[in-house]
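Okay, so here's the structure we're looking at.
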Amino acid sequence: MDIVPEITRESITNLIFNDKREDGRALDEYRDISIETDVISKAEGSARVKIGGTQVIVGIKPQLGSPFPDTPDLGVLMTNCEMLPMADPTFEPGPPGDDSIELARVVDRGIRESELVDLDKLCVEEGKHVWMLFIDLHVIDNCGNLFDTAELAVMAALKSTKIPTATIVDDEVVIDKENTFDLPINNEVAMCTFVKIGDKMVLDPTLSEERVASARLNVGVTKEGRICAMQKGGAHPLTKEDIFSAVNTAISKTKELVEYL
């Protein structure tokens with residue numbers, strides 16, 4: 001048995017038991033948050049978000065494509081995530097792993113289920129041509145709580161996105177990159193991530209807190225307070241009280257998070 005992790009686990013658990021944390025925050029308090037937009041010159045929308053030491057960069061690339069057969073008049077969202085090996089010693093190069101896929105799916109669910117983007121305004125010609133938005137997440141520094149950082153970064157990048165004007169001329173699509181319009185945004189959404197340490201639910205966990213936690217809960221909430229996404233992680237169960245407590249805190253904290261946007 002590696003004694004160092006056990007010492008770390010006991011230290012963090014004892015602090016949480018007494019409603020304290022290593023960095024001095026309250027159990028329901030976020031680390032410092034900063035948001036920059038238009039950080040990638042070649043992308044039509046981009047943002048870098050930091051929560052504490054955690055950093056995520058997002059780029060948005062629109063491309064004309066064919067709609068899905070069951071939604072012929074709606075644009076398409078595609079979310080991908082890359083966890084760069086320089087961001088964490090446990091990240092490995094190569095195809096996306098389970099953690100990368102889960103992060104992309106949870107973030108995508110929050111964006112999609114909140115109906116954040118007005119997808120019907122991305123239709124150029126029904127059944128033939130729609131704008132497809134490729135959302136690329138890049139984790140460049142993992143100090144815990146990638147979910148909330150990534151969700152804010154995607155939200156900020158989408159709000160900064162410009163779409164080229166496209167018209168149909170003689171049955172062909174003509175794209176005018178000199179004339180653009182703002183990506184139509186219907187809503188704002190944020191993700192609040194909690195981990196359970198001992199019998200306490202802790203918001204915005206650091207990496208060390210994540211590693212000693214027994215369970216994780218992600219709650220996506222719109223600015224109006226509507227829950228649009230949830231994801232349970234970790235090996236141990238959560239009680240009804242744990243979930244209700246996390247949801248109530250998430251609804252309150254979302255109002256603060258969207259202010260950064």
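In the structure tokens, each chain is lettered A, B, ... as it comes, each chain's residues begin at 1, and ligands are numbered from 1 in order of appearance.
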
Kindly provide the residues of range 134-199 of chain A that approach range 47-53 of chain A to within 7 Å, each paired with its closest atom pair and their distance in Å to one decimal, based on only C-alpha atoms, listed by chain and increasing number, as CSV.
residue,atom,partner,partner_atom,distance
A:Asp141,CA,A:Gly53,CA,7.0
A:Cys143,CA,A:Gly53,CA,5.4
A:Thr149,CA,A:Ile51,CA,6.1
A:Leu152,CA,A:Val49,CA,6.9
A:Ala153,CA,A:Val49,CA,5.3
A:Ala156,CA,A:Ala47,CA,6.0
A:Ala157,CA,A:Ala47,CA,4.8

(request) Please identify all polymer residues within 9 Å of range 87-101 of chain A, counting only C-alpha atoms, omitting same-chain residues fewer than 3 positions from it, and present them as a list in words. (result) Thr54, Gln55, Asn80, Cys81, Glu82, Met83, Leu84, Ala104, Arg105, Val106, Val139, Ile140, Asp141, Asn142 and Cys143 of chain A

Residues just named, written with N, CA and C atoms as a tab-separated table (two decimals), in the first residue's frame:
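Written output follows (selection22.tsv):
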chain	number	residue	atom	x	y	z
A	54	THR	N	-6.83	25.30	-13.53
A	54	THR	CA	-7.34	24.51	-14.65
A	54	THR	C	-7.59	25.41	-15.85
A	55	GLN	N	-7.11	24.99	-17.02
A	55	GLN	CA	-7.27	25.79	-18.23
A	55	GLN	C	-7.82	24.95	-19.38
A	80	ASN	N	-15.92	17.72	-29.67
A	80	ASN	CA	-14.78	16.82	-29.50
A	80	ASN	C	-13.85	17.37	-28.43
A	81	CYS	N	-13.13	16.48	-27.78
A	81	CYS	CA	-12.24	16.89	-26.69
A	81	CYS	C	-10.89	16.22	-26.83
A	82	GLU	N	-9.85	17.01	-26.61
A	82	GLU	CA	-8.49	16.48	-26.59
A	82	GLU	C	-7.83	16.86	-25.27
A	83	MET	N	-7.39	15.85	-24.54
A	83	MET	CA	-6.68	16.07	-23.29
A	83	MET	C	-5.18	15.97	-23.57
A	84	LEU	N	-4.53	17.11	-23.65
A	84	LEU	CA	-3.12	17.13	-24.03
A	84	LEU	C	-2.25	16.52	-22.93
A	104	ALA	N	-16.52	15.41	-23.26
A	104	ALA	CA	-17.15	15.97	-24.46
A	104	ALA	C	-18.65	15.73	-24.45
A	105	ARG	N	-19.08	14.56	-24.04
A	105	ARG	CA	-20.51	14.23	-24.06
A	105	ARG	C	-21.29	15.02	-23.02
A	106	VAL	N	-20.73	15.18	-21.84
A	106	VAL	CA	-21.44	15.92	-20.79
A	106	VAL	C	-21.55	17.40	-21.17
A	139	VAL	N	-7.83	20.57	-23.36
A	139	VAL	CA	-7.44	20.73	-21.96
A	139	VAL	C	-5.94	20.97	-21.94
A	140	ILE	N	-5.53	22.14	-21.45
A	140	ILE	CA	-4.09	22.46	-21.46
A	140	ILE	C	-3.49	22.47	-20.06
A	141	ASP	N	-4.32	22.42	-19.02
A	141	ASP	CA	-3.79	22.32	-17.66
A	141	ASP	C	-4.91	21.78	-16.76
A	142	ASN	N	-4.69	20.62	-16.18
A	142	ASN	CA	-5.71	19.99	-15.35
A	142	ASN	C	-5.35	20.11	-13.88
A	143	CYS	N	-6.06	21.01	-13.19
A	143	CYS	CA	-5.92	21.14	-11.75
A	143	CYS	C	-7.25	20.85	-11.05

(request) Compile the contact shell of Leu203 in chain A as a list of chain:residue names: residues with an atom at most 8 Å away, counting only C-alpha atoms, same-chain residues fewer than 6 positions apart removed. (result)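 Result of the neighbour search: A:Leu27, A:Asp28, A:Glu29, A:Tyr30, A:Cys192, A:Thr193, A:Phe194, A:Val195.
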
Produce a file of the selected residues containing C-alpha atoms, as a short mmCIF file (atom, residue, chain, number, x, y, z; two decimals), in the first residue's frame.
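selection.cif was written with the following content:
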data_model
loop_
_atom_site.label_atom_id
_atom_site.label_comp_id
_atom_site.auth_asym_id
_atom_site.auth_seq_id
_atom_site.Cartn_x
_atom_site.Cartn_y
_atom_site.Cartn_z
CA LEU A 27 -17.30 23.90 0.48
CA ASP A 28 -19.62 25.73 -1.95
CA GLU A 29 -17.10 28.28 -3.23
CA TYR A 30 -15.43 28.46 -6.65
CA CYS A 192 -21.61 22.87 -11.54
CA THR A 193 -19.51 19.90 -10.45
CA PHE A 194 -19.60 18.38 -6.97
CA VAL A 195 -17.67 15.52 -5.40
#

(message) Counting only C-alpha atoms, which residue out of A:Cys123, A:Val247, A:Val56, A:Val154 sits closest to Cys228 in chain A?
(response) A:Val247

(request) Point out the residue among A:Val173, A:Ala150, A:Leu183, A:Met78 with the least atom-to-atom distance to Asp120 in chain A, counting only C-alpha atoms. (result)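 Of all the options, A:Leu183 lies closest to Asp120 in chain A.
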
(request) Write out as a ChimeraX atom specification all residues of range 156-206 of chain A that backbone DSSP assigns to strand (DSSP E). (result) /A:162-169,172-182,189-197,200-203

Could you dump the residues just selected with C-alpha atoms as an mmCIF file, in the first residue's frame?
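Okay, result-v7.cif is ready:
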data_model
loop_
_atom_site.group_PDB
_atom_site.id
_atom_site.type_symbol
_atom_site.label_atom_id
_atom_site.label_comp_id
_atom_site.auth_asym_id
_atom_site.auth_seq_id
_atom_site.Cartn_x
_atom_site.Cartn_y
_atom_site.Cartn_z
ATOM 1 C CA LYS A 162 -19.334 34.707 -36.270
ATOM 2 C CA ILE A 163 -20.947 32.751 -39.130
ATOM 3 C CA PRO A 164 -20.255 33.628 -42.789
ATOM 4 C CA THR A 165 -23.248 34.626 -44.886
ATOM 5 C CA ALA A 166 -24.391 31.886 -47.264
ATOM 6 C CA THR A 167 -26.861 32.260 -50.127
ATOM 7 C CA ILE A 168 -28.162 29.999 -52.879
ATOM 8 C CA VAL A 169 -27.287 31.185 -56.397
ATOM 9 C CA GLU A 172 -25.196 26.455 -55.581
ATOM 10 C CA VAL A 173 -24.152 27.773 -52.188
ATOM 11 C CA VAL A 174 -22.130 30.987 -52.251
ATOM 12 C CA ILE A 175 -20.278 31.782 -49.020
ATOM 13 C CA ASP A 176 -19.349 35.367 -48.222
ATOM 14 C CA LYS A 177 -16.687 35.312 -45.500
ATOM 15 C CA GLU A 178 -16.456 39.099 -45.515
ATOM 16 C CA ASN A 179 -20.040 39.412 -44.283
ATOM 17 C CA THR A 180 -20.838 37.510 -41.115
ATOM 18 C CA PHE A 181 -23.568 37.316 -38.501
ATOM 19 C CA ASP A 182 -23.449 36.493 -34.814
ATOM 20 C CA VAL A 189 -25.865 27.609 -19.379
ATOM 21 C CA ALA A 190 -23.253 26.598 -16.828
ATOM 22 C CA MET A 191 -22.132 23.323 -15.280
ATOM 23 C CA CYS A 192 -21.612 22.874 -11.542
ATOM 24 C CA THR A 193 -19.511 19.898 -10.452
ATOM 25 C CA PHE A 194 -19.604 18.384 -6.971
ATOM 26 C CA VAL A 195 -17.673 15.524 -5.403
ATOM 27 C CA LYS A 196 -18.568 13.618 -2.254
ATOM 28 C CA ILE A 197 -15.834 13.417 0.366
ATOM 29 C CA LYS A 200 -20.092 16.268 2.395
ATOM 30 C CA MET A 201 -20.755 17.512 -1.136
ATOM 31 C CA VAL A 202 -17.925 19.772 -2.313
ATOM 32 C CA LEU A 203 -18.226 22.252 -5.206
#

(request) Would you mind reading off the distance between CA of Arg211 in chain A and CA of Ala246 in chain A, one decimal, in Å? (result)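 Separation of CA of Arg211 in chain A and CA of Ala246 in chain A: 19.2 Å.
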
(message) I'd like to know which of A:Glu44, A:Asp118, A:Glu102, A:Glu209 is closest to Ile135 in chain A, using only C-alpha atoms.
(response)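 Closest to Ile135 in chain A of all the choices is A:Glu44.
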
(message) From the options A:Ile16, A:Met230, A:Val219, A:Leu158, which residue's atoms come nearest to Ala43 in chain A, counting only C-alpha atoms?
(response)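 Ranked by minimum distance to Ala43 in chain A, first place goes to A:Leu158.
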
(request) Taking the DSSP assignment computed from this structure's backbone, write out as a PyMOL selection string all residues of range 29-199 of chain A that belong to helix (DSSP H, G or I). (result) chain A and resi 85-87+98-113+119-122+146-159

Create the file for the chosen residues now, containing N, CA, C and O atoms and written as a compact mmCIF listing (two decimals), in the first residue's frame.
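Output (out-v4.txt):
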# COMPACT_ATOMS: atom_id res chain seq x y z
N PRO A 85 -1.28 15.68 -23.29
CA PRO A 85 -0.42 15.05 -22.28
C PRO A 85 0.31 16.04 -21.39
O PRO A 85 0.61 15.74 -20.24
N MET A 86 0.59 17.26 -21.91
CA MET A 86 1.28 18.25 -21.08
C MET A 86 0.38 18.75 -19.95
O MET A 86 0.87 19.35 -18.99
N ALA A 87 -0.94 18.51 -20.05
CA ALA A 87 -1.88 19.03 -19.05
C ALA A 87 -1.92 18.20 -17.79
O ALA A 87 -2.30 18.69 -16.72
N ASP A 98 -11.68 7.22 -22.31
CA ASP A 98 -13.01 7.30 -21.70
C ASP A 98 -13.26 8.65 -21.05
O ASP A 98 -14.36 9.20 -21.15
N ASP A 99 -12.25 9.19 -20.35
CA ASP A 99 -12.42 10.48 -19.68
C ASP A 99 -12.67 11.60 -20.68
O ASP A 99 -13.51 12.49 -20.46
N SER A 100 -11.94 11.56 -21.79
CA SER A 100 -12.10 12.58 -22.83
C SER A 100 -13.47 12.50 -23.47
O SER A 100 -14.14 13.52 -23.70
N ILE A 101 -13.93 11.29 -23.74
CA ILE A 101 -15.24 11.09 -24.35
C ILE A 101 -16.35 11.54 -23.40
O ILE A 101 -17.30 12.21 -23.81
N GLU A 102 -16.22 11.20 -22.11
CA GLU A 102 -17.24 11.61 -21.14
C GLU A 102 -17.31 13.13 -21.02
O GLU A 102 -18.40 13.71 -21.00
N LEU A 103 -16.15 13.77 -20.97
CA LEU A 103 -16.13 15.23 -20.86
C LEU A 103 -16.83 15.87 -22.05
O LEU A 103 -17.67 16.77 -21.89
N ALA A 104 -16.52 15.41 -23.26
CA ALA A 104 -17.15 15.97 -24.46
C ALA A 104 -18.65 15.73 -24.45
O ALA A 104 -19.44 16.63 -24.79
N ARG A 105 -19.08 14.56 -24.04
CA ARG A 105 -20.51 14.23 -24.06
C ARG A 105 -21.29 15.02 -23.02
O ARG A 105 -22.41 15.48 -23.29
N VAL A 106 -20.73 15.18 -21.84
CA VAL A 106 -21.44 15.92 -20.79
C VAL A 106 -21.55 17.40 -21.17
O VAL A 106 -22.61 18.02 -21.02
N VAL A 107 -20.47 17.98 -21.69
CA VAL A 107 -20.50 19.38 -22.13
C VAL A 107 -21.49 19.54 -23.28
O VAL A 107 -22.30 20.47 -23.31
N ASP A 108 -21.44 18.62 -24.25
CA ASP A 108 -22.36 18.66 -25.39
C ASP A 108 -23.81 18.57 -24.92
O ASP A 108 -24.68 19.28 -25.44
N ARG A 109 -24.09 17.73 -23.94
CA ARG A 109 -25.46 17.57 -23.46
C ARG A 109 -25.98 18.87 -22.86
O ARG A 109 -27.13 19.25 -23.07
N GLY A 110 -25.12 19.55 -22.10
CA GLY A 110 -25.53 20.81 -21.51
C GLY A 110 -25.88 21.85 -22.56
O GLY A 110 -26.87 22.57 -22.46
N ILE A 111 -25.05 21.93 -23.62
CA ILE A 111 -25.29 22.88 -24.71
C ILE A 111 -26.55 22.51 -25.48
O ILE A 111 -27.41 23.34 -25.79
N ARG A 112 -26.67 21.22 -25.79
CA ARG A 112 -27.78 20.75 -26.64
C ARG A 112 -29.13 20.83 -25.92
O ARG A 112 -30.11 21.34 -26.45
N GLU A 113 -29.18 20.29 -24.68
CA GLU A 113 -30.46 20.21 -23.97
C GLU A 113 -30.93 21.56 -23.45
O GLU A 113 -32.11 21.74 -23.16
N LEU A 119 -30.68 26.48 -33.64
CA LEU A 119 -30.20 25.67 -34.76
C LEU A 119 -30.99 25.88 -36.04
O LEU A 119 -30.46 25.68 -37.14
N ASP A 120 -32.27 26.29 -35.94
CA ASP A 120 -33.05 26.46 -37.17
C ASP A 120 -32.57 27.67 -37.98
O ASP A 120 -32.83 27.75 -39.18
N LYS A 121 -31.84 28.58 -37.33
CA LYS A 121 -31.29 29.72 -38.05
C LYS A 121 -29.96 29.41 -38.74
O LYS A 121 -29.36 30.27 -39.37
N LEU A 122 -29.52 28.15 -38.59
CA LEU A 122 -28.29 27.72 -39.26
C LEU A 122 -28.60 26.91 -40.52
O LEU A 122 -27.70 26.31 -41.10
N LEU A 146 -12.60 19.81 -14.64
CA LEU A 146 -12.57 20.09 -16.08
C LEU A 146 -13.96 20.37 -16.63
O LEU A 146 -14.12 21.13 -17.59
N PHE A 147 -14.99 19.74 -16.05
CA PHE A 147 -16.34 19.87 -16.60
C PHE A 147 -16.83 21.32 -16.59
O PHE A 147 -17.31 21.83 -17.61
N ASP A 148 -16.74 21.98 -15.44
CA ASP A 148 -17.24 23.35 -15.35
C ASP A 148 -16.41 24.30 -16.20
O ASP A 148 -16.93 25.21 -16.83
N THR A 149 -15.09 24.06 -16.22
CA THR A 149 -14.20 24.90 -17.03
C THR A 149 -14.52 24.76 -18.50
O THR A 149 -14.61 25.76 -19.24
N ALA A 150 -14.71 23.52 -18.96
CA ALA A 150 -15.00 23.27 -20.36
C ALA A 150 -16.36 23.84 -20.76
O ALA A 150 -16.51 24.41 -21.85
N GLU A 151 -17.36 23.68 -19.90
CA GLU A 151 -18.70 24.20 -20.23
C GLU A 151 -18.69 25.72 -20.38
O GLU A 151 -19.26 26.28 -21.32
N LEU A 152 -18.00 26.40 -19.46
CA LEU A 152 -17.89 27.86 -19.56
C LEU A 152 -17.12 28.27 -20.81
O LEU A 152 -17.47 29.25 -21.48
N ALA A 153 -16.08 27.51 -21.14
CA ALA A 153 -15.28 27.83 -22.32
C ALA A 153 -16.09 27.67 -23.59
O ALA A 153 -16.00 28.50 -24.51
N VAL A 154 -16.88 26.61 -23.69
CA VAL A 154 -17.72 26.41 -24.86
C VAL A 154 -18.76 27.52 -24.96
O VAL A 154 -19.02 28.07 -26.03
N MET A 155 -19.38 27.84 -23.82
CA MET A 155 -20.39 28.89 -23.80
C MET A 155 -19.79 30.21 -24.28
O MET A 155 -20.37 30.91 -25.12
N ALA A 156 -18.63 30.57 -23.76
CA ALA A 156 -17.99 31.83 -24.13
C ALA A 156 -17.58 31.83 -25.60
O ALA A 156 -17.71 32.84 -26.31
N ALA A 157 -17.07 30.69 -26.08
CA ALA A 157 -16.65 30.60 -27.48
C ALA A 157 -17.84 30.72 -28.43
O ALA A 157 -17.77 31.41 -29.45
N LEU A 158 -18.95 30.06 -28.09
CA LEU A 158 -20.14 30.14 -28.93
C LEU A 158 -20.67 31.57 -28.99
O LEU A 158 -21.10 32.04 -30.05
N LYS A 159 -20.63 32.26 -27.87
CA LYS A 159 -21.13 33.63 -27.85
C LYS A 159 -20.26 34.57 -28.68
O LYS A 159 -20.71 35.65 -29.08

(request) Find, counting only C-alpha atoms, the residue in A:His236, A:Asp199, A:Gly65, A:Arg31 that gets nearest to Gly144 in chain A. (result)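 Of all the options, A:Arg31 lies closest to Gly144 in chain A.
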
(message) I'd like to know which of A:Glu6, A:Val76, A:Glu36, A:Leu137 is closest to Tyr260 in chain A, using only C-alpha atoms.
(response)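 Nearest candidate to Tyr260 in chain A out of A:Glu6, A:Val76, A:Glu36, A:Leu137: A:Glu36.
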
(request) Quick one: everything within 6 Å of Trp131 in chain A, counting only C-alpha atoms, minus sequence neighbours fewer than 6 positions away in the same chain. Send it as a ChimeraX atom specification. (result) /A:63-64,75,122

Writing out the chosen residues with all heavy atoms as an mmCIF file, in the first residue's frame:
data_model
loop_
_atom_site.group_PDB
_atom_site.id
_atom_site.type_symbol
_atom_site.label_atom_id
_atom_site.label_comp_id
_atom_site.auth_asym_id
_atom_site.auth_seq_id
_atom_site.Cartn_x
_atom_site.Cartn_y
_atom_site.Cartn_z
ATOM 1 N N GLN A 63 -18.880 24.785 -40.678
ATOM 2 C CA GLN A 63 -18.641 24.212 -42.002
ATOM 3 C C GLN A 63 -19.988 23.812 -42.599
ATOM 4 O O GLN A 63 -20.855 23.273 -41.895
ATOM 5 C CB GLN A 63 -17.736 22.987 -41.875
ATOM 6 C CG GLN A 63 -17.415 22.298 -43.180
ATOM 7 C CD GLN A 63 -16.458 21.127 -42.961
ATOM 8 O OE1 GLN A 63 -15.429 21.270 -42.296
ATOM 9 N NE2 GLN A 63 -16.799 19.974 -43.493
ATOM 10 N N LEU A 64 -20.183 24.070 -43.873
ATOM 11 C CA LEU A 64 -21.425 23.667 -44.519
ATOM 12 C C LEU A 64 -21.460 22.156 -44.699
ATOM 13 O O LEU A 64 -20.457 21.531 -45.054
ATOM 14 C CB LEU A 64 -21.571 24.354 -45.881
ATOM 15 C CG LEU A 64 -22.219 25.736 -45.898
ATOM 16 C CD1 LEU A 64 -22.289 26.242 -47.330
ATOM 17 C CD2 LEU A 64 -23.598 25.726 -45.273
ATOM 18 N N GLY A 75 -29.364 23.111 -37.956
ATOM 19 C CA GLY A 75 -27.918 23.001 -37.974
ATOM 20 C C GLY A 75 -27.451 21.855 -37.083
ATOM 21 O O GLY A 75 -28.244 21.233 -36.369
ATOM 22 N N LEU A 122 -29.521 28.153 -38.587
ATOM 23 C CA LEU A 122 -28.293 27.717 -39.256
ATOM 24 C C LEU A 122 -28.596 26.910 -40.517
ATOM 25 O O LEU A 122 -27.701 26.308 -41.101
ATOM 26 C CB LEU A 122 -27.438 26.879 -38.300
ATOM 27 C CG LEU A 122 -26.945 27.600 -37.046
ATOM 28 C CD1 LEU A 122 -26.070 26.672 -36.213
ATOM 29 C CD2 LEU A 122 -26.176 28.865 -37.404
#
